[in-house]
$ cat target_33.cif   # mmCIF, C-alpha atoms
data_model
#
loop_
_atom_site.label_atom_id
_atom_site.label_comp_id
_atom_site.auth_asym_id
_atom_site.auth_seq_id
_atom_site.Cartn_x
_atom_site.Cartn_y
_atom_site.Cartn_z
CA MET N 1 -15.02 -96.05 -58.85
CA ASN N 2 -15.38 -98.08 -62.06
CA ASN N 3 -18.60 -96.31 -62.98
CA LEU N 4 -17.06 -92.90 -62.39
CA THR N 5 -14.12 -93.64 -64.68
CA SER N 6 -16.46 -94.96 -67.35
CA TYR N 7 -18.55 -91.78 -67.04
CA LEU N 8 -15.52 -89.74 -68.08
CA PHE N 9 -15.51 -91.55 -71.40
CA LYS N 10 -19.26 -91.98 -71.76
CA THR N 11 -19.78 -88.21 -71.62
CA ASP N 12 -16.62 -87.41 -73.63
CA ALA N 13 -15.35 -85.52 -70.60
CA PHE N 14 -12.11 -87.44 -71.22
CA LYS N 15 -11.11 -87.81 -74.86
CA ILE N 16 -8.01 -89.83 -75.77
CA CYS N 17 -6.46 -89.46 -79.18
CA GLU N 18 -5.84 -92.31 -81.60
CA GLU N 19 -2.35 -93.80 -81.66
CA ASN N 20 0.19 -91.43 -83.21
CA LYS N 21 -2.48 -88.73 -83.70
CA PRO N 22 -2.08 -86.37 -80.72
CA PHE N 23 -4.28 -83.37 -80.04
CA TRP N 24 -3.04 -79.83 -80.51
CA TYR N 25 -3.59 -77.74 -77.39
CA THR N 26 -4.25 -73.99 -77.37
CA SER N 27 -0.74 -73.60 -75.90
CA SER N 28 0.59 -74.83 -79.30
CA GLU N 29 1.82 -78.01 -77.62
CA ILE N 30 0.61 -81.55 -78.27
CA GLY N 31 -0.85 -84.12 -75.93
CA PRO N 32 -2.79 -87.39 -75.88
CA TYR N 33 -6.04 -86.26 -74.23
CA PHE N 34 -8.57 -83.53 -73.61
CA ILE N 35 -10.62 -83.14 -70.44
CA ASN N 36 -13.89 -81.23 -70.15
CA GLY N 37 -14.98 -81.84 -66.58
CA HIS N 38 -18.28 -80.01 -67.00
CA PHE N 39 -19.44 -82.71 -69.44
CA LEU N 40 -20.07 -84.81 -66.33
CA TYR N 41 -23.23 -82.70 -66.10
CA GLY N 42 -24.71 -85.59 -68.06
CA SER N 43 -23.45 -85.26 -71.61
CA GLU N 44 -21.58 -82.89 -73.88
CA LYS N 45 -24.90 -81.67 -75.28
CA ASP N 46 -26.44 -81.01 -71.87
CA ALA N 47 -23.28 -79.27 -70.68
CA ASN N 48 -23.19 -76.98 -73.71
CA VAL N 49 -26.88 -76.13 -73.34
CA LEU N 50 -26.24 -75.00 -69.76
CA LEU N 51 -23.13 -73.07 -70.80
CA ASP N 52 -25.12 -71.22 -73.47
CA PHE N 53 -27.76 -70.45 -70.84
CA ILE N 54 -25.13 -69.12 -68.44
CA ASN N 55 -23.60 -66.92 -71.15
CA GLU N 56 -27.01 -65.51 -72.00
CA GLU N 57 -27.71 -64.83 -68.33
CA LEU N 58 -24.38 -63.04 -67.93
CA GLU N 59 -25.31 -60.72 -70.78
CA ASN N 60 -28.93 -60.03 -69.91
CA VAL N 61 -29.70 -60.73 -66.25
CA SER N 62 -28.66 -59.07 -63.00
CA LYS N 63 -25.93 -60.72 -60.98
CA GLU N 64 -28.34 -61.21 -58.08
CA GLN N 65 -30.77 -63.19 -60.24
CA ILE N 66 -28.26 -65.46 -62.02
CA PRO N 67 -27.53 -67.86 -59.10
CA GLN N 68 -31.22 -68.69 -58.65
CA ASP N 69 -31.73 -69.19 -62.40
CA ILE N 70 -28.75 -71.54 -62.70
CA PHE N 71 -29.80 -73.45 -59.59
CA SER N 72 -33.20 -74.22 -61.11
CA LYS N 73 -31.42 -75.77 -64.11
CA VAL N 74 -28.93 -77.89 -62.14
CA LEU N 75 -31.61 -79.06 -59.69
CA PHE N 76 -33.78 -80.25 -62.59
CA GLN N 77 -30.77 -82.05 -64.09
CA TYR N 78 -29.91 -83.63 -60.75
CA GLU N 79 -33.46 -84.94 -60.38
CA ASN N 80 -33.68 -86.24 -63.95
CA ASN N 81 -30.20 -87.33 -65.10
CA VAL N 82 -28.84 -90.48 -63.45
CA LEU N 83 -25.24 -89.93 -64.55
CA TYR N 84 -25.10 -86.39 -63.15
CA SER N 85 -26.85 -87.33 -59.91
CA THR N 86 -24.45 -90.25 -59.45
CA ILE N 87 -21.45 -87.96 -59.83
CA ILE N 88 -22.91 -85.41 -57.43
CA ASN N 89 -23.90 -88.02 -54.85
CA ASN N 90 -20.40 -89.50 -54.93
CA LEU N 91 -18.91 -86.03 -54.56
CA ILE N 92 -21.15 -85.33 -51.56
CA THR N 93 -20.11 -88.62 -49.94
CA TYR N 94 -16.44 -87.89 -50.61
CA ILE N 95 -16.71 -84.43 -49.07
CA LYS N 96 -18.41 -85.83 -45.97
CA GLU N 97 -15.69 -88.46 -45.60
CA ASN N 98 -12.93 -85.83 -45.63
CA ILE N 99 -14.43 -82.71 -44.06
CA SER N 100 -16.52 -82.18 -40.95
CA ILE N 101 -19.65 -80.64 -42.48
CA ASP N 102 -20.25 -78.57 -39.35
CA ASP N 103 -16.94 -76.79 -40.04
CA ILE N 104 -18.15 -75.53 -43.44
CA ASP N 105 -19.87 -72.15 -43.32
CA TYR N 106 -20.27 -71.54 -47.06
CA ILE N 107 -19.86 -73.22 -50.45
CA SER N 108 -18.37 -71.08 -53.23
CA GLY N 109 -18.19 -71.44 -57.00
CA GLY N 110 -16.54 -69.24 -59.62
CA GLU N 111 -17.72 -68.12 -63.04
CA ARG N 112 -18.69 -70.22 -65.06
CA ARG N 113 -18.15 -73.96 -65.02
CA ASP N 114 -17.84 -74.25 -61.23
CA TRP N 115 -21.58 -73.53 -61.11
CA TYR N 116 -22.36 -76.90 -62.68
CA PHE N 117 -21.36 -78.42 -59.33
CA SER N 118 -21.13 -75.80 -56.56
CA ASN N 119 -24.81 -74.79 -56.56
CA ILE N 120 -26.20 -78.30 -56.21
CA VAL N 121 -23.56 -79.24 -53.61
CA ALA N 122 -24.58 -76.23 -51.52
CA TYR N 123 -28.22 -77.31 -51.74
CA LEU N 124 -27.55 -80.91 -50.76
CA LEU N 125 -25.26 -79.94 -47.88
CA LYS N 126 -27.74 -77.21 -46.84
CA LYS N 127 -25.00 -74.58 -46.83
CA PRO N 128 -25.33 -71.01 -48.13
CA HIS N 129 -23.57 -70.38 -51.44
CA ILE N 130 -21.25 -67.62 -52.65
CA THR N 131 -21.29 -67.01 -56.39
CA ILE N 132 -18.04 -65.39 -57.53
CA TYR N 133 -17.87 -63.50 -60.82
CA LYS N 134 -14.73 -62.84 -62.83
CA ASP N 135 -14.72 -59.22 -61.67
CA LEU N 136 -14.66 -60.66 -58.11
CA THR N 137 -18.20 -59.51 -57.34
CA CYS N 138 -19.76 -61.91 -54.82
CA ILE N 139 -23.42 -62.87 -54.39
CA LYS N 140 -24.54 -64.66 -51.23
CA SER N 141 -27.44 -67.10 -51.56
CA THR N 142 -29.40 -69.23 -49.16
CA TYR N 143 -28.83 -72.95 -49.68
CA ASN N 144 -31.99 -73.22 -51.81
CA PHE N 145 -31.24 -69.95 -53.65
CA SER N 146 -34.54 -68.37 -52.57
CA LYS N 147 -32.68 -65.25 -51.42
CA ASN N 148 -29.67 -63.75 -53.23
CA GLU N 149 -27.83 -60.55 -52.37
CA PRO N 150 -24.47 -58.87 -53.09
CA ILE N 151 -21.94 -58.96 -50.29
CA THR N 152 -18.73 -57.02 -49.71
CA LYS N 153 -18.01 -58.27 -46.21
CA LEU N 154 -18.16 -61.70 -44.60
CA ASP N 155 -16.03 -62.05 -41.52
CA ASN N 156 -14.22 -65.24 -40.51
CA ALA N 157 -16.21 -67.75 -42.57
CA ASN N 158 -14.72 -71.10 -43.56
CA VAL N 159 -15.44 -71.72 -47.23
CA LEU N 160 -15.41 -74.88 -49.36
CA HIS N 161 -14.86 -74.07 -53.04
CA VAL N 162 -16.41 -76.56 -55.46
CA SER N 163 -15.44 -76.84 -59.14
CA ASP N 164 -15.61 -79.14 -62.12
CA LEU N 165 -11.91 -79.46 -62.91
CA LEU N 166 -8.56 -78.70 -61.29
CA ASN N 167 -5.67 -77.96 -63.63
CA LEU N 168 -2.93 -75.69 -62.31
CA ALA N 169 -5.25 -74.00 -59.76
CA SER N 170 -4.72 -70.63 -61.50
CA SER N 171 -8.32 -69.47 -61.16
CA LEU N 172 -8.42 -70.38 -57.48
CA LEU N 173 -5.10 -68.77 -56.64
CA ASN N 174 -5.53 -65.65 -58.78
CA SER N 175 -9.27 -64.98 -58.45
CA TRP N 176 -11.47 -67.07 -56.18
CA ILE N 177 -9.23 -67.22 -53.11
CA PRO N 178 -8.53 -63.43 -53.26
CA ALA N 179 -12.27 -62.72 -53.74
CA ILE N 180 -13.18 -64.60 -50.56
CA SER N 181 -10.20 -63.09 -48.75
CA ASN N 182 -11.41 -59.61 -49.71
CA LEU N 183 -14.64 -60.38 -47.87
CA GLY N 184 -12.73 -61.22 -44.70
CA SER N 185 -13.00 -65.01 -44.95
CA LYS N 186 -10.93 -67.94 -46.24
CA ILE N 187 -11.25 -70.81 -48.67
CA ILE N 188 -10.13 -73.68 -46.48
CA TRP N 189 -10.99 -76.57 -48.83
CA SER N 190 -11.28 -77.17 -52.55
CA ALA N 191 -13.34 -80.05 -53.96
CA CYS N 192 -13.54 -80.86 -57.67
CA ALA N 193 -15.00 -83.58 -59.82
CA VAL N 194 -11.76 -84.15 -61.76
CA ASP N 195 -8.11 -83.38 -60.96
CA ARG N 196 -5.77 -83.47 -63.97
CA CYS N 197 -2.89 -84.13 -61.53
CA GLN N 198 -0.73 -81.42 -63.08
CA GLY N 199 0.40 -79.77 -59.86
CA GLY N 200 -2.72 -77.84 -58.94
CA SER N 201 -3.39 -79.73 -55.73
CA GLU N 202 0.19 -79.20 -54.58
CA LYS N 203 -0.11 -75.46 -55.22
CA LEU N 204 -3.31 -75.35 -53.20
CA GLU N 205 -1.76 -77.28 -50.34
CA ALA N 206 1.11 -74.76 -50.36
CA ALA N 207 -1.52 -72.02 -50.03
CA SER N 208 -3.03 -73.85 -47.01
CA VAL N 209 -6.05 -75.09 -48.97
CA LYS N 210 -6.93 -78.77 -48.60
CA SER N 211 -7.53 -80.21 -52.07
CA LEU N 212 -10.05 -83.00 -52.71
CA ALA N 213 -10.86 -84.64 -56.05
CA LEU N 214 -13.42 -87.29 -56.85
CA ILE N 215 -11.49 -88.57 -59.88
CA ASN N 216 -7.73 -88.25 -60.45
CA ILE N 217 -6.36 -88.42 -63.99
CA ASP N 218 -3.33 -90.56 -63.22
CA ASN N 219 -1.85 -93.94 -64.08
CA ALA N 220 -4.40 -95.72 -61.89
CA CYS N 221 -7.19 -94.09 -63.89
CA PHE N 222 -5.53 -95.08 -67.18
CA GLU N 223 -5.10 -98.68 -66.05
CA GLU N 224 -8.72 -98.79 -64.97
CA ALA N 225 -9.75 -97.53 -68.41
CA LEU N 226 -7.72 -100.39 -69.93
CA ASN N 227 -9.41 -102.93 -67.66
CA LEU N 228 -12.80 -101.55 -68.68
CA GLY N 229 -11.90 -102.03 -72.34
CA ILE N 230 -12.09 -98.30 -73.04
CA ILE N 231 -8.49 -97.96 -74.24
CA ASN N 232 -5.94 -100.41 -75.60
CA LYS N 233 -2.41 -101.18 -74.41
CA ASN N 234 -0.76 -98.86 -76.94
CA GLN N 235 -2.92 -95.97 -75.76
CA LEU N 236 -2.13 -96.85 -72.14
CA GLU N 237 1.60 -96.72 -72.86
CA MET N 238 1.20 -93.38 -74.63
CA LEU N 239 -0.64 -91.92 -71.63
CA GLN N 240 1.92 -93.25 -69.18
CA GLN N 241 4.77 -91.75 -71.21
CA PHE N 242 2.95 -88.41 -71.31
CA VAL N 243 2.73 -88.40 -67.51
CA LYS N 244 6.50 -88.99 -67.30
CA LYS N 245 7.43 -86.43 -69.99
CA PRO N 246 4.54 -84.06 -70.76
CA TYR N 247 6.69 -81.86 -73.00
#
$ encode --input "target_33.cif" --output "structure tokens"
Amino acid sequence: MNNLTSYLFKTDAFKICEENKPFWYTSSEIGPYFINGHFLYGSEKDANVLLDFINEELENVSKEQIPQDIFSKVLFQYENNVLYSTIINNLITYIKENISIDDIDYISGGERRDWYFSNIVAYLLKKPHITIYKDLTCIKSTYNFSKNEPITKLDNANVLHVSDLLNLASSLLNSWIPAISNLGSKIIWSACAVDRCQGGSEKLEAASVKSLALINIDNACFEEALNLGIINKNQLEMLQQFVKKPY
């Protein structure tokens, strides 16, 4: 796990503020760190290049074509970027340790950042993929994305949803779970690269969704960062206090 924690900082997926210089959040509140889970794609630069590509695809390409185009990008990155492939391989191992793969019928991923992880996980597990758009349109793909088609009905399938980051689980609860439910199936499991540990997993468990996370942003993670020499003791104390009293 040491390497995985260090990857958070190496890619700037986890940014901690300097002492007494907290970040301003979009909620107009302050806090000691930012997390961009999709930076685990290899680097901030690589992640932003893919995001720009996805945005361009959403504007100019049919919804049936987009999953295949994105898959070609993430497969290339997986085969050529050691950091990203390490994260993905660890996520695959973690999923296999906690879920019987035979029980999974489909992998799903929601627009946009889930696609950094869900497409390649589907390929490696050899499971068909469901791409979910914000308007709840769903595209079903073969595991290698050679065939992609819209679907409006999918009866009694057990779905594993894969994402980059779990915050409060709002997207899952408000969009992705209803989208799969509308098809006639259920998201049974959720697997993410990073869990901010802000109550999202508990909300999913209450909705009968088993929540899995490769990396948890908690005190154990902070202490590991200290041991790795990534943060100092004052920063550790600041993070621990934020966990106790986030407001």
$ closest_atom_pairs --input "target_33.cif" --of "segment 60-111 of chain N" --to "segment 21-44 of chain N" --cutoff "9 Å" --atoms "all atoms listed in the file" --output "CSV"
residue,atom,partner,partner_atom,distance
N:Val74,CA,N:Tyr41,CA,8.4
N:Gln77,CA,N:Tyr41,CA,7.8
N:Tyr78,CA,N:Tyr41,CA,8.6
N:Asn81,CA,N:Gly42,CA,6.5
N:Val82,CA,N:Gly42,CA,7.9
N:Leu83,CA,N:Gly42,CA,5.6
N:Tyr84,CA,N:Gly42,CA,5.0
N:Ser85,CA,N:Tyr41,CA,8.5
N:Ile87,CA,N:Leu40,CA,7.4
$ closest_atom_pairs --input "target_33.cif" --of "segment 36-129 of chain N" --to "segment 210-233 of chain N" --cutoff "10 Å" --atoms "all atoms listed in the file" --output "CSV"
residue,atom,partner,partner_atom,distance
N:Ile87,CA,N:Leu214,CA,8.6
N:Ile88,CA,N:Leu214,CA,9.7
N:Asn90,CA,N:Leu214,CA,7.6
N:Leu91,CA,N:Leu214,CA,6.1
N:Ile92,CA,N:Leu214,CA,9.6
N:Thr93,CA,N:Leu214,CA,9.7
N:Tyr94,CA,N:Leu214,CA,7.0
N:Ile95,CA,N:Leu212,CA,7.7
N:Asn98,CA,N:Leu212,CA,8.2
N:Ile99,CA,N:Lys210,CA,9.6
$ resolve_selection --input "target_33.cif" --expression "the PyMOL selection byres ((chain N and resi 186) around 8)" --output "PyMOL selection string"
chain N and resi 156-159+177+180-181+184-185+187-188
$ closest_residue --input "target_33.cif" --among "N:Thr137, N:Thr142, N:Ser72, N:Gln65" --to "Asp105 of chain N" --atoms "only C-alpha atoms"
N:Thr142
$ closest_residue --input "target_33.cif" --among "N:Pro246, N:Pro178, N:Pro67, N:Pro128" --to "Tyr116 of chain N" --atoms "all atoms listed in the file"
N:Pro67
$ closest_residue --input "target_33.cif" --among "N:Ile66, N:Ala191, N:Cys17, N:Ala169" --to "Leu204 of chain N" --atoms "all atoms listed in the file"
N:Ala169
$ decode --input "target_33.cif" --residues "segment 182-202 of chain N" --atoms "N, CA and C atoms" --output "mmCIF file, in the first residue's frame"
data_model
loop_
_atom_site.group_PDB
_atom_site.id
_atom_site.type_symbol
_atom_site.label_atom_id
_atom_site.label_comp_id
_atom_site.auth_asym_id
_atom_site.auth_seq_id
_atom_site.Cartn_x
_atom_site.Cartn_y
_atom_site.Cartn_z
ATOM 1 N N ASN N 182 -33.615 1.723 -13.918
ATOM 2 C CA ASN N 182 -34.569 1.954 -15.014
ATOM 3 C C ASN N 182 -34.471 0.875 -16.093
ATOM 4 N N LEU N 183 -33.303 0.261 -16.196
ATOM 5 C CA LEU N 183 -33.117 -0.808 -17.182
ATOM 6 C C LEU N 183 -33.720 -2.131 -16.702
ATOM 7 N N GLY N 184 -33.953 -2.224 -15.396
ATOM 8 C CA GLY N 184 -34.450 -3.471 -14.825
ATOM 9 C C GLY N 184 -33.389 -4.265 -14.099
ATOM 10 N N SER N 185 -32.266 -3.613 -13.784
ATOM 11 C CA SER N 185 -31.157 -4.292 -13.103
ATOM 12 C C SER N 185 -30.731 -3.504 -11.867
ATOM 13 N N LYS N 186 -29.667 -3.966 -11.196
ATOM 14 C CA LYS N 186 -29.250 -3.318 -9.948
ATOM 15 C C LYS N 186 -27.732 -3.173 -9.878
ATOM 16 N N ILE N 187 -27.307 -2.027 -9.362
ATOM 17 C CA ILE N 187 -25.905 -1.893 -8.959
ATOM 18 C C ILE N 187 -25.770 -2.532 -7.590
ATOM 19 N N ILE N 188 -25.027 -3.614 -7.540
ATOM 20 C CA ILE N 188 -24.862 -4.379 -6.306
ATOM 21 C C ILE N 188 -23.609 -3.946 -5.562
ATOM 22 N N TRP N 189 -22.566 -3.539 -6.338
ATOM 23 C CA TRP N 189 -21.282 -3.177 -5.751
ATOM 24 C C TRP N 189 -20.795 -1.862 -6.349
ATOM 25 N N SER N 190 -20.014 -1.151 -5.567
ATOM 26 C CA SER N 190 -19.328 0.049 -6.041
ATOM 27 C C SER N 190 -17.855 -0.100 -5.688
ATOM 28 N N ALA N 191 -16.984 0.127 -6.668
ATOM 29 C CA ALA N 191 -15.538 0.067 -6.428
ATOM 30 C C ALA N 191 -14.909 1.354 -6.946
ATOM 31 N N CYS N 192 -14.103 1.997 -6.110
ATOM 32 C CA CYS N 192 -13.458 3.245 -6.526
ATOM 33 C C CYS N 192 -11.972 3.185 -6.200
ATOM 34 N N ALA N 193 -11.228 4.060 -6.851
ATOM 35 C CA ALA N 193 -9.803 4.151 -6.559
ATOM 36 C C ALA N 193 -9.577 4.802 -5.206
ATOM 37 N N VAL N 194 -10.337 5.884 -4.921
ATOM 38 C CA VAL N 194 -10.126 6.652 -3.697
ATOM 39 C C VAL N 194 -11.464 6.961 -3.022
ATOM 40 N N ASP N 195 -11.550 6.711 -1.737
ATOM 41 C CA ASP N 195 -12.714 7.074 -0.921
ATOM 42 C C ASP N 195 -12.298 8.188 0.030
ATOM 43 N N ARG N 196 -12.958 9.348 -0.057
ATOM 44 C CA ARG N 196 -12.635 10.461 0.828
ATOM 45 C C ARG N 196 -13.066 10.218 2.269
ATOM 46 N N CYS N 197 -13.826 9.134 2.489
ATOM 47 C CA CYS N 197 -14.292 8.786 3.849
ATOM 48 C C CYS N 197 -15.112 9.926 4.446
ATOM 49 N N GLN N 198 -16.046 10.426 3.668
ATOM 50 C CA GLN N 198 -16.931 11.503 4.123
ATOM 51 C C GLN N 198 -18.381 11.052 4.197
ATOM 52 N N GLY N 199 -18.600 9.751 4.347
ATOM 53 C CA GLY N 199 -19.947 9.235 4.531
ATOM 54 C C GLY N 199 -20.556 8.587 3.303
ATOM 55 N N GLY N 200 -19.871 8.645 2.174
ATOM 56 C CA GLY N 200 -20.418 8.061 0.962
ATOM 57 C C GLY N 200 -20.613 6.564 1.040
ATOM 58 N N SER N 201 -19.626 5.869 1.599
ATOM 59 C CA SER N 201 -19.718 4.408 1.682
ATOM 60 C C SER N 201 -20.870 3.984 2.584
ATOM 61 N N GLU N 202 -21.087 4.746 3.660
ATOM 62 C CA GLU N 202 -22.204 4.429 4.561
ATOM 63 C C GLU N 202 -23.550 4.633 3.854
#
